[in-house]
file query-v5.cif (mmCIF, C-alpha atoms)
data_model
#
loop_
_atom_site.group_PDB
_atom_site.id
_atom_site.type_symbol
_atom_site.label_atom_id
_atom_site.label_comp_id
_atom_site.auth_asym_id
_atom_site.auth_seq_id
_atom_site.Cartn_x
_atom_site.Cartn_y
_atom_site.Cartn_z
ATOM 1 C CA MET A 1 221.919 227.900 -62.660
ATOM 2 C CA THR A 2 223.546 229.648 -59.748
ATOM 3 C CA ARG A 3 224.539 233.156 -59.920
ATOM 4 C CA ALA A 4 227.596 234.522 -58.130
ATOM 5 C CA VAL A 5 227.050 237.454 -55.874
ATOM 6 C CA PRO A 6 229.545 240.141 -56.734
ATOM 7 C CA GLY A 7 231.980 240.878 -53.879
ATOM 8 C CA LEU A 8 230.783 237.924 -51.729
ATOM 9 C CA ALA A 9 234.130 236.153 -51.790
ATOM 10 C CA GLU A 10 235.845 239.273 -50.519
ATOM 11 C CA ARG A 11 233.341 239.635 -47.642
ATOM 12 C CA ILE A 12 233.635 236.009 -46.331
ATOM 13 C CA SER A 13 236.724 235.376 -44.314
ATOM 14 C CA PRO A 14 238.501 232.102 -45.102
ATOM 15 C CA LEU A 15 239.231 231.483 -41.375
ATOM 16 C CA PRO A 16 235.756 230.168 -40.353
ATOM 17 C CA LEU A 17 235.740 227.908 -43.403
ATOM 18 C CA PHE A 18 239.202 226.577 -42.517
ATOM 19 C CA ILE A 19 238.162 225.918 -38.873
ATOM 20 C CA SER A 20 235.031 224.053 -39.880
ATOM 21 C CA MET A 21 236.998 221.913 -42.368
ATOM 22 C CA LEU A 22 239.636 221.213 -39.697
ATOM 23 C CA LEU A 23 236.951 220.072 -37.265
ATOM 24 C CA VAL A 24 235.526 217.698 -39.875
ATOM 25 C CA VAL A 25 238.974 216.215 -40.496
ATOM 26 C CA LEU A 26 239.726 215.886 -36.785
ATOM 27 C CA ALA A 27 236.370 214.252 -36.097
ATOM 28 C CA GLY A 28 237.216 211.645 -38.701
ATOM 29 C CA MET A 29 240.547 210.961 -36.983
ATOM 30 C CA ALA A 30 239.057 210.618 -33.499
ATOM 31 C CA PRO A 31 240.087 207.371 -31.862
ATOM 32 C CA ALA A 32 237.525 204.640 -31.585
ATOM 33 C CA PRO A 33 235.759 204.551 -28.236
ATOM 34 C CA ARG A 34 237.644 202.428 -25.720
ATOM 35 C CA ALA A 35 236.132 199.345 -24.211
ATOM 36 C CA GLU A 36 234.821 199.905 -20.715
ATOM 37 C CA ALA A 37 237.301 199.037 -18.006
ATOM 38 C CA THR A 38 236.170 196.129 -15.923
ATOM 39 C CA VAL A 39 235.040 197.251 -12.510
ATOM 40 C CA GLN A 40 235.782 194.885 -9.695
ATOM 41 C CA THR A 41 232.658 194.467 -7.630
ATOM 42 C CA ARG A 42 233.079 194.359 -3.875
ATOM 43 C CA ASN A 43 231.092 192.586 -1.279
ATOM 44 C CA PRO A 44 228.931 195.235 0.469
ATOM 45 C CA GLU A 45 229.659 193.591 3.803
ATOM 46 C CA ASP A 46 233.334 194.582 3.364
ATOM 47 C CA LEU A 47 232.259 198.209 3.831
ATOM 48 C CA LEU A 48 230.536 197.692 7.199
ATOM 49 C CA ILE A 49 232.207 199.419 10.125
ATOM 50 C CA VAL A 50 233.342 196.906 12.736
ATOM 51 C CA ASP A 51 235.311 196.813 15.973
ATOM 52 C CA CYS A 52 238.572 195.316 14.726
ATOM 53 C CA LEU A 53 241.235 193.814 16.949
ATOM 54 C CA LEU A 54 244.534 194.111 15.084
ATOM 55 C CA PRO A 55 247.405 191.760 15.855
ATOM 56 C CA GLY A 56 250.476 192.999 17.705
ATOM 57 C CA GLN A 57 253.503 194.116 15.728
ATOM 58 C CA VAL A 58 256.826 192.328 15.814
ATOM 59 C CA ARG A 59 259.434 194.841 16.977
ATOM 60 C CA LYS A 60 263.162 194.457 17.160
ATOM 61 C CA LEU A 61 265.330 196.338 19.619
ATOM 62 C CA GLY A 62 268.895 196.207 18.388
ATOM 63 C CA THR A 63 270.243 192.731 17.740
ATOM 64 C CA GLN A 64 269.463 191.269 21.147
ATOM 65 C CA MET A 65 265.716 191.614 21.630
ATOM 66 C CA THR A 66 262.629 190.871 19.554
ATOM 67 C CA PHE A 67 259.150 191.300 21.011
ATOM 68 C CA ILE A 68 255.493 191.593 20.012
ATOM 69 C CA THR A 69 253.497 194.689 20.953
ATOM 70 C CA GLY A 70 249.993 194.455 22.376
ATOM 71 C CA ARG A 71 246.980 194.083 20.135
ATOM 72 C CA THR A 72 245.287 197.284 18.993
ATOM 73 C CA ALA A 73 241.558 197.891 18.648
ATOM 74 C CA VAL A 74 240.261 200.187 15.897
ATOM 75 C CA LYS A 75 236.963 201.006 14.254
ATOM 76 C CA THR A 76 237.345 200.326 10.547
ATOM 77 C CA SER A 77 235.640 198.593 7.643
ATOM 78 C CA ALA A 78 235.443 194.821 7.654
ATOM 79 C CA GLY A 79 237.472 194.691 4.448
ATOM 80 C CA ASP A 80 240.247 196.846 5.900
ATOM 81 C CA CYS A 81 240.276 194.738 9.056
ATOM 82 C CA GLU A 82 240.728 191.576 6.988
ATOM 83 C CA ILE A 83 243.526 193.113 4.917
ATOM 84 C CA ARG A 84 245.365 194.169 8.071
ATOM 85 C CA GLY A 85 245.022 190.688 9.601
ATOM 86 C CA GLY A 86 242.557 191.768 12.254
ATOM 87 C CA GLU A 87 239.822 189.925 14.078
ATOM 88 C CA TYR A 88 236.179 190.977 14.252
ATOM 89 C CA VAL A 89 232.766 189.415 14.724
ATOM 90 C CA ALA A 90 230.909 189.515 11.427
ATOM 91 C CA TYR A 91 227.286 188.833 12.231
ATOM 92 C CA ASP A 92 227.023 189.440 15.950
ATOM 93 C CA ARG A 93 227.664 193.177 16.110
ATOM 94 C CA SER A 94 224.699 193.781 18.408
ATOM 95 C CA ASP A 95 226.129 191.552 21.131
ATOM 96 C CA LEU A 96 227.442 193.365 24.192
ATOM 97 C CA ASN A 97 230.042 190.708 24.933
ATOM 98 C CA SER A 98 231.613 190.653 21.474
ATOM 99 C CA ALA A 99 231.977 194.441 21.424
ATOM 100 C CA LEU A 100 233.361 194.501 24.965
ATOM 101 C CA ARG A 101 235.845 191.725 24.169
ATOM 102 C CA VAL A 102 237.527 194.122 21.738
ATOM 103 C CA TRP A 103 237.492 197.352 23.773
ATOM 104 C CA LEU A 104 237.421 196.404 27.479
ATOM 105 C CA PRO A 105 241.077 195.280 27.893
ATOM 106 C CA LEU A 106 242.302 198.526 26.358
ATOM 107 C CA ALA A 107 239.861 200.575 28.439
ATOM 108 C CA GLN A 108 241.033 198.860 31.615
ATOM 109 C CA SER A 109 244.628 199.684 30.718
ATOM 110 C CA GLY A 110 243.723 203.408 30.589
ATOM 111 C CA ASP A 111 243.165 204.072 26.866
ATOM 112 C CA LYS A 112 240.802 207.081 26.784
ATOM 113 C CA VAL A 113 239.383 206.264 23.329
ATOM 114 C CA ALA A 114 238.649 202.676 24.372
ATOM 115 C CA GLN A 115 237.087 203.925 27.618
ATOM 116 C CA THR A 116 234.775 206.135 25.578
ATOM 117 C CA TYR A 117 233.803 203.236 23.306
ATOM 118 C CA VAL A 118 233.058 201.063 26.348
ATOM 119 C CA GLY A 119 230.935 203.878 27.758
ATOM 120 C CA GLU A 120 229.034 204.105 24.471
ATOM 121 C CA ILE A 121 228.499 200.330 24.444
ATOM 122 C CA TYR A 122 226.986 200.469 27.929
ATOM 123 C CA GLU A 123 224.990 203.617 27.158
ATOM 124 C CA ARG A 124 223.399 202.011 24.087
ATOM 125 C CA GLY A 125 223.074 198.610 25.711
ATOM 126 C CA LEU A 126 224.077 196.517 22.738
ATOM 127 C CA GLY A 127 222.102 193.283 23.034
ATOM 128 C CA THR A 128 220.903 194.155 26.543
ATOM 129 C CA ALA A 129 219.237 196.973 28.474
ATOM 130 C CA PRO A 130 221.265 200.231 28.501
ATOM 131 C CA ASP A 131 223.331 200.850 31.631
ATOM 132 C CA PRO A 132 223.923 204.610 31.806
ATOM 133 C CA ALA A 133 225.489 204.427 35.291
ATOM 134 C CA THR A 134 228.295 202.182 34.037
ATOM 135 C CA ALA A 135 228.569 204.312 30.900
ATOM 136 C CA ALA A 136 229.040 207.406 33.091
ATOM 137 C CA GLN A 137 231.887 205.702 34.995
ATOM 138 C CA TRP A 138 233.757 204.947 31.767
ATOM 139 C CA TYR A 139 233.064 208.383 30.305
ATOM 140 C CA ARG A 140 234.377 209.989 33.488
ATOM 141 C CA LYS A 141 237.668 208.065 33.267
ATOM 142 C CA ALA A 142 238.218 209.250 29.705
ATOM 143 C CA ALA A 143 236.932 212.782 30.422
ATOM 144 C CA GLU A 144 239.428 213.171 33.267
ATOM 145 C CA GLN A 145 242.169 212.513 30.708
ATOM 146 C CA GLY A 146 240.868 215.462 28.674
ATOM 147 C CA TYR A 147 239.129 213.455 25.929
ATOM 148 C CA ALA A 148 236.520 215.830 24.485
ATOM 149 C CA ARG A 149 234.158 213.194 23.113
ATOM 150 C CA ALA A 150 233.901 211.543 26.528
ATOM 151 C CA GLN A 151 233.330 214.940 28.150
ATOM 152 C CA VAL A 152 230.448 215.655 25.766
ATOM 153 C CA ASN A 153 228.932 212.196 26.324
ATOM 154 C CA LEU A 154 229.200 212.574 30.104
ATOM 155 C CA GLY A 155 227.675 216.034 29.874
ATOM 156 C CA PHE A 156 224.720 214.572 27.969
ATOM 157 C CA LEU A 157 224.138 212.043 30.761
ATOM 158 C CA TYR A 158 224.212 214.838 33.371
ATOM 159 C CA GLU A 159 221.874 216.946 31.262
ATOM 160 C CA ARG A 160 219.313 214.134 31.057
ATOM 161 C CA GLY A 161 219.945 212.613 34.484
ATOM 162 C CA LEU A 162 220.792 209.215 32.993
ATOM 163 C CA GLY A 163 222.918 207.114 35.354
ATOM 164 C CA VAL A 164 223.930 210.264 37.250
ATOM 165 C CA PRO A 165 221.921 212.900 39.116
ATOM 166 C CA LYS A 166 220.434 215.488 36.749
ATOM 167 C CA ASP A 167 222.719 218.503 36.996
ATOM 168 C CA PRO A 168 222.616 221.147 34.226
ATOM 169 C CA ARG A 169 225.570 222.961 35.788
ATOM 170 C CA GLN A 170 227.750 219.853 35.759
ATOM 171 C CA ALA A 171 226.567 219.097 32.204
#

call {"tool": "encode", "arguments": {"input": "query-v5.cif", "output": "C-alpha coordinates"}}
result
Amino acid sequence: MTRAVPGLAERISPLPLFISMLLVVLAGMAPAPRAEATVQTRNPEDLLIVDCLLPGQVRKLGTQMTFITGRTAVKTSAGDCEIRGGEYVAYDRSDLNSALRVWLPLAQSGDKVAQTYVGEIYERGLGTAPDPATAAQWYRKAAEQGYARAQVNLGFLYERGLGVPKDPRQA
(Lines of atoms letter the chains of each structure in order from A and count residues from 1; the text may use other names and numbers.)
(Lines give C-alpha, C1' and ligand atoms only; values in the text may rest on other atoms or scores of the structure.)
Protein backbone atom coordinates (compact mmCIF):
# COMPACT_ATOMS: atom_id res chain seq x y z
CA MET A 1 0.00 0.00 0.00
CA THR A 2 1.40 3.34 -1.05
CA ARG A 3 0.84 6.36 0.92
CA ALA A 4 0.46 9.80 -0.65
CA VAL A 5 2.74 12.48 0.62
CA PRO A 6 0.68 15.50 1.52
CA GLY A 7 1.48 18.55 -0.65
CA LEU A 8 3.76 16.59 -3.05
CA ALA A 9 1.57 17.20 -6.08
CA GLU A 10 1.69 20.93 -5.45
CA ARG A 11 5.51 20.89 -5.18
CA ILE A 12 6.18 18.97 -8.47
CA SER A 13 5.85 21.07 -11.55
CA PRO A 14 3.97 19.42 -14.42
CA LEU A 15 6.43 20.86 -17.00
CA PRO A 16 9.29 18.33 -16.49
CA LEU A 17 6.77 15.50 -16.61
CA PHE A 18 5.29 16.87 -19.84
CA ILE A 19 8.77 17.23 -21.44
CA SER A 20 9.78 13.70 -20.55
CA MET A 21 6.50 12.31 -21.93
CA LEU A 22 6.96 14.37 -25.12
CA LEU A 23 10.46 12.97 -25.58
CA VAL A 24 9.15 9.42 -25.22
CA VAL A 25 6.47 10.08 -27.84
CA LEU A 26 8.93 11.73 -30.22
CA ALA A 27 11.43 8.91 -29.84
CA GLY A 28 8.72 6.49 -30.89
CA MET A 29 8.01 8.58 -33.99
CA ALA A 30 11.65 8.86 -35.05
CA PRO A 31 12.14 7.75 -38.63
CA ALA A 32 13.78 4.43 -39.25
CA PRO A 33 17.50 4.68 -39.92
CA ARG A 34 18.22 5.22 -43.60
CA ALA A 35 20.17 2.73 -45.62
CA GLU A 36 23.77 3.76 -46.16
CA ALA A 37 24.35 5.62 -49.39
CA THR A 38 26.53 3.70 -51.76
CA VAL A 39 29.97 5.21 -51.97
CA GLN A 40 31.62 5.04 -55.34
CA THR A 41 35.14 3.76 -54.89
CA ARG A 42 37.84 5.40 -56.96
CA ASN A 43 41.01 4.01 -58.32
CA PRO A 44 43.85 5.37 -56.12
CA GLU A 45 45.95 5.92 -59.23
CA ASP A 46 43.41 8.56 -60.34
CA LEU A 47 44.63 10.74 -57.46
CA LEU A 48 48.32 10.71 -58.46
CA ILE A 49 49.70 14.06 -59.55
CA VAL A 50 50.94 13.93 -63.14
CA ASP A 51 52.29 16.26 -65.81
CA CYS A 52 49.23 16.56 -68.04
CA LEU A 53 49.28 17.88 -71.58
CA LEU A 54 45.81 19.25 -72.31
CA PRO A 55 44.54 19.50 -75.87
CA GLY A 56 44.19 22.88 -77.56
CA GLN A 57 40.84 24.63 -77.52
CA VAL A 58 38.78 25.28 -80.61
CA ARG A 59 38.24 29.04 -80.85
CA LYS A 60 36.09 30.97 -83.24
CA LEU A 61 36.81 34.53 -84.28
CA GLY A 62 33.65 35.99 -85.74
CA THR A 63 32.13 34.01 -88.59
CA GLN A 64 35.22 33.85 -90.77
CA MET A 65 37.91 32.15 -88.71
CA THR A 66 38.12 29.03 -86.56
CA PHE A 67 41.41 27.92 -85.04
CA ILE A 68 42.87 25.65 -82.37
CA THR A 69 45.00 27.10 -79.57
CA GLY A 70 48.25 25.49 -78.48
CA ARG A 71 48.30 22.61 -76.04
CA THR A 72 48.60 23.50 -72.36
CA ALA A 73 50.64 21.67 -69.74
CA VAL A 74 49.38 21.49 -66.14
CA LYS A 75 50.14 19.55 -63.00
CA THR A 76 46.94 17.82 -61.94
CA SER A 77 45.60 14.45 -60.84
CA ALA A 78 45.53 11.63 -63.35
CA GLY A 79 41.75 11.43 -63.04
CA ASP A 80 41.32 15.14 -63.75
CA CYS A 81 43.68 14.89 -66.71
CA GLU A 82 41.60 12.06 -68.18
CA ILE A 83 38.34 13.95 -67.67
CA ARG A 84 39.76 17.00 -69.43
CA GLY A 85 41.00 14.90 -72.37
CA GLY A 86 44.65 15.31 -71.52
CA GLU A 87 47.67 13.14 -72.15
CA TYR A 88 50.09 11.88 -69.51
CA VAL A 89 52.46 8.99 -68.95
CA ALA A 90 51.00 6.70 -66.31
CA TYR A 91 53.81 4.46 -65.18
CA ASP A 92 56.94 6.21 -66.36
CA ARG A 93 56.87 9.33 -64.20
CA SER A 94 60.53 8.97 -63.24
CA ASP A 95 61.69 9.26 -66.85
CA LEU A 96 63.40 12.52 -67.75
CA ASN A 97 62.26 12.39 -71.36
CA SER A 98 58.56 11.88 -70.63
CA ALA A 99 58.50 14.80 -68.19
CA LEU A 100 60.46 17.03 -70.56
CA ARG A 101 58.16 16.14 -73.47
CA VAL A 102 55.34 17.87 -71.59
CA TRP A 103 57.15 20.97 -70.29
CA LEU A 104 60.07 21.71 -72.65
CA PRO A 105 58.10 23.15 -75.62
CA LEU A 106 56.31 25.58 -73.33
CA ALA A 107 59.56 26.48 -71.55
CA GLN A 108 61.26 27.17 -74.87
CA SER A 109 58.40 29.47 -75.85
CA GLY A 110 59.05 31.58 -72.71
CA ASP A 111 56.48 30.27 -70.20
CA LYS A 112 58.02 31.05 -66.78
CA VAL A 113 56.12 28.29 -64.95
CA ALA A 114 57.20 25.70 -67.52
CA GLN A 115 60.78 26.98 -67.33
CA THR A 116 60.70 26.45 -63.57
CA TYR A 117 59.34 22.91 -63.98
CA VAL A 118 62.09 22.12 -66.51
CA GLY A 119 64.65 23.48 -64.06
CA GLU A 120 63.22 21.27 -61.31
CA ILE A 121 63.33 18.23 -63.62
CA TYR A 122 67.01 18.84 -64.33
CA GLU A 123 67.79 19.66 -60.70
CA ARG A 124 66.25 16.38 -59.50
CA GLY A 125 67.55 14.39 -62.44
CA LEU A 126 64.48 12.29 -63.04
CA GLY A 127 65.74 8.95 -64.34
CA THR A 128 69.30 10.27 -64.73
CA ALA A 129 71.99 12.10 -62.77
CA PRO A 130 70.95 15.62 -61.64
CA ASP A 131 72.19 18.48 -63.81
CA PRO A 132 72.17 21.59 -61.61
CA ALA A 133 73.95 23.73 -64.23
CA THR A 134 71.13 23.23 -66.74
CA ALA A 135 68.60 23.68 -63.94
CA ALA A 136 70.20 27.04 -63.08
CA GLN A 137 69.88 28.19 -66.71
CA TRP A 138 66.15 27.45 -66.74
CA TYR A 139 65.60 28.95 -63.30
CA ARG A 140 67.40 32.11 -64.40
CA LYS A 141 65.11 32.52 -67.43
CA ALA A 142 62.02 32.28 -65.24
CA ALA A 143 63.56 34.37 -62.42
CA GLU A 144 64.31 37.20 -64.86
CA GLN A 145 60.58 37.28 -65.61
CA GLY A 146 59.92 37.86 -61.90
CA TYR A 147 58.71 34.34 -61.05
CA ALA A 148 59.29 33.99 -57.30
CA ARG A 149 59.50 30.20 -57.19
CA ALA A 150 62.27 30.21 -59.79
CA GLN A 151 64.08 32.97 -57.89
CA VAL A 152 64.00 30.89 -54.70
CA ASN A 153 65.18 27.76 -56.53
CA LEU A 154 68.02 29.67 -58.19
CA GLY A 155 68.96 31.20 -54.85
CA PHE A 156 69.18 27.70 -53.35
CA LEU A 157 71.61 26.65 -56.09
CA TYR A 158 73.77 29.73 -55.42
CA GLU A 159 73.64 29.08 -51.69
CA ARG A 160 74.90 25.51 -52.14
CA GLY A 161 77.14 26.13 -55.15
CA LEU A 162 75.26 23.58 -57.27
CA GLY A 163 75.72 24.22 -61.00
CA VAL A 164 76.76 27.81 -60.26
CA PRO A 165 79.61 29.29 -58.21
CA LYS A 166 78.78 29.37 -54.49
CA ASP A 167 77.74 32.94 -53.77
CA PRO A 168 75.76 33.70 -50.58
CA ARG A 169 75.28 37.31 -51.68
CA GLN A 170 73.76 36.31 -55.01
CA ALA A 171 71.64 33.68 -53.21

call {"tool": "atom_distance", "arguments": {"input": "query-v5.cif", "atom1": "atom CA of Asn97 of chain A", "atom2": "atom CA of Leu154 of chain A"}}
result
22.5 Å

call {"tool": "closest_residue", "arguments": {"input": "query-v5.cif", "among": "A:Trp138, A:Lys60, A:Leu47, A:Gly163", "to": "Gln108 of chain A", "atoms": "only C-alpha atoms"}}
result
A:Trp138

call {"tool": "residues_around", "arguments": {"input": "query-v5.cif", "residues": "Gly110 of chain A", "least_positions_apart": "4", "cutoff": "9 Å", "atoms": "only C-alpha atoms", "output": "ChimeraX atom specification"}}
result
/A:105-106,114-115,141-142

call {"tool": "write_last_selection", "arguments": {"input": "query-v5.cif", "atoms": "C-alpha atoms", "output": "JSON list (two decimals), in the coordinates of the input"}}
result
[["chain", "number", "residue", "atom", "x", "y", "z"],
["A", 105, "PRO", "CA", 241.08, 195.28, 27.89],
["A", 106, "LEU", "CA", 242.30, 198.53, 26.36],
["A", 114, "ALA", "CA", 238.65, 202.68, 24.37],
["A", 115, "GLN", "CA", 237.09, 203.92, 27.62],
["A", 141, "LYS", "CA", 237.67, 208.06, 33.27],
["A", 142, "ALA", "CA", 238.22, 209.25, 29.70]]

call {"tool": "atom_distance", "arguments": {"input": "query-v5.cif", "atom1": "atom CA of Lys75 of chain A", "atom2": "atom CA of Cys52 of chain A"}}
result
5.9 Å

call {"tool": "atom_distance", "arguments": {"input": "query-v5.cif", "atom1": "atom CA of Gln145 of chain A", "atom2": "atom CA of Val164 of chain A"}}
result
19.5 Å

call {"tool": "closest_residue", "arguments": {"input": "query-v5.cif", "among": "A:Ala171, A:Ala143, A:Val118, A:Leu126", "to": "Tyr158 of chain A", "atoms": "all atoms listed in the file"}}
result
A:Ala171

call {"tool": "resolve_selection", "arguments": {"input": "query-v5.cif", "expression": "the PyMOL selection byres ((chain A and resi 49) around 9)", "output": "list in words"}}
result
Glu45, Asp46, Leu47, Leu48, Val50, Asp51, Cys52, Lys75, Thr76, Ser77 and Ala78 of chain A

call {"tool": "closest_residue", "arguments": {"input": "query-v5.cif", "among": "A:Leu61, A:Ala107, A:Leu100, A:Leu54", "to": "Gly86 of chain A", "atoms": "all atoms listed in the file"}}
result
A:Leu54

call {"tool": "closest_residue", "arguments": {"input": "query-v5.cif", "among": "A:Asp167, A:Glu123, A:Glu144, A:Glu159", "to": "Asp111 of chain A", "atoms": "only C-alpha atoms"}}
result
A:Glu144
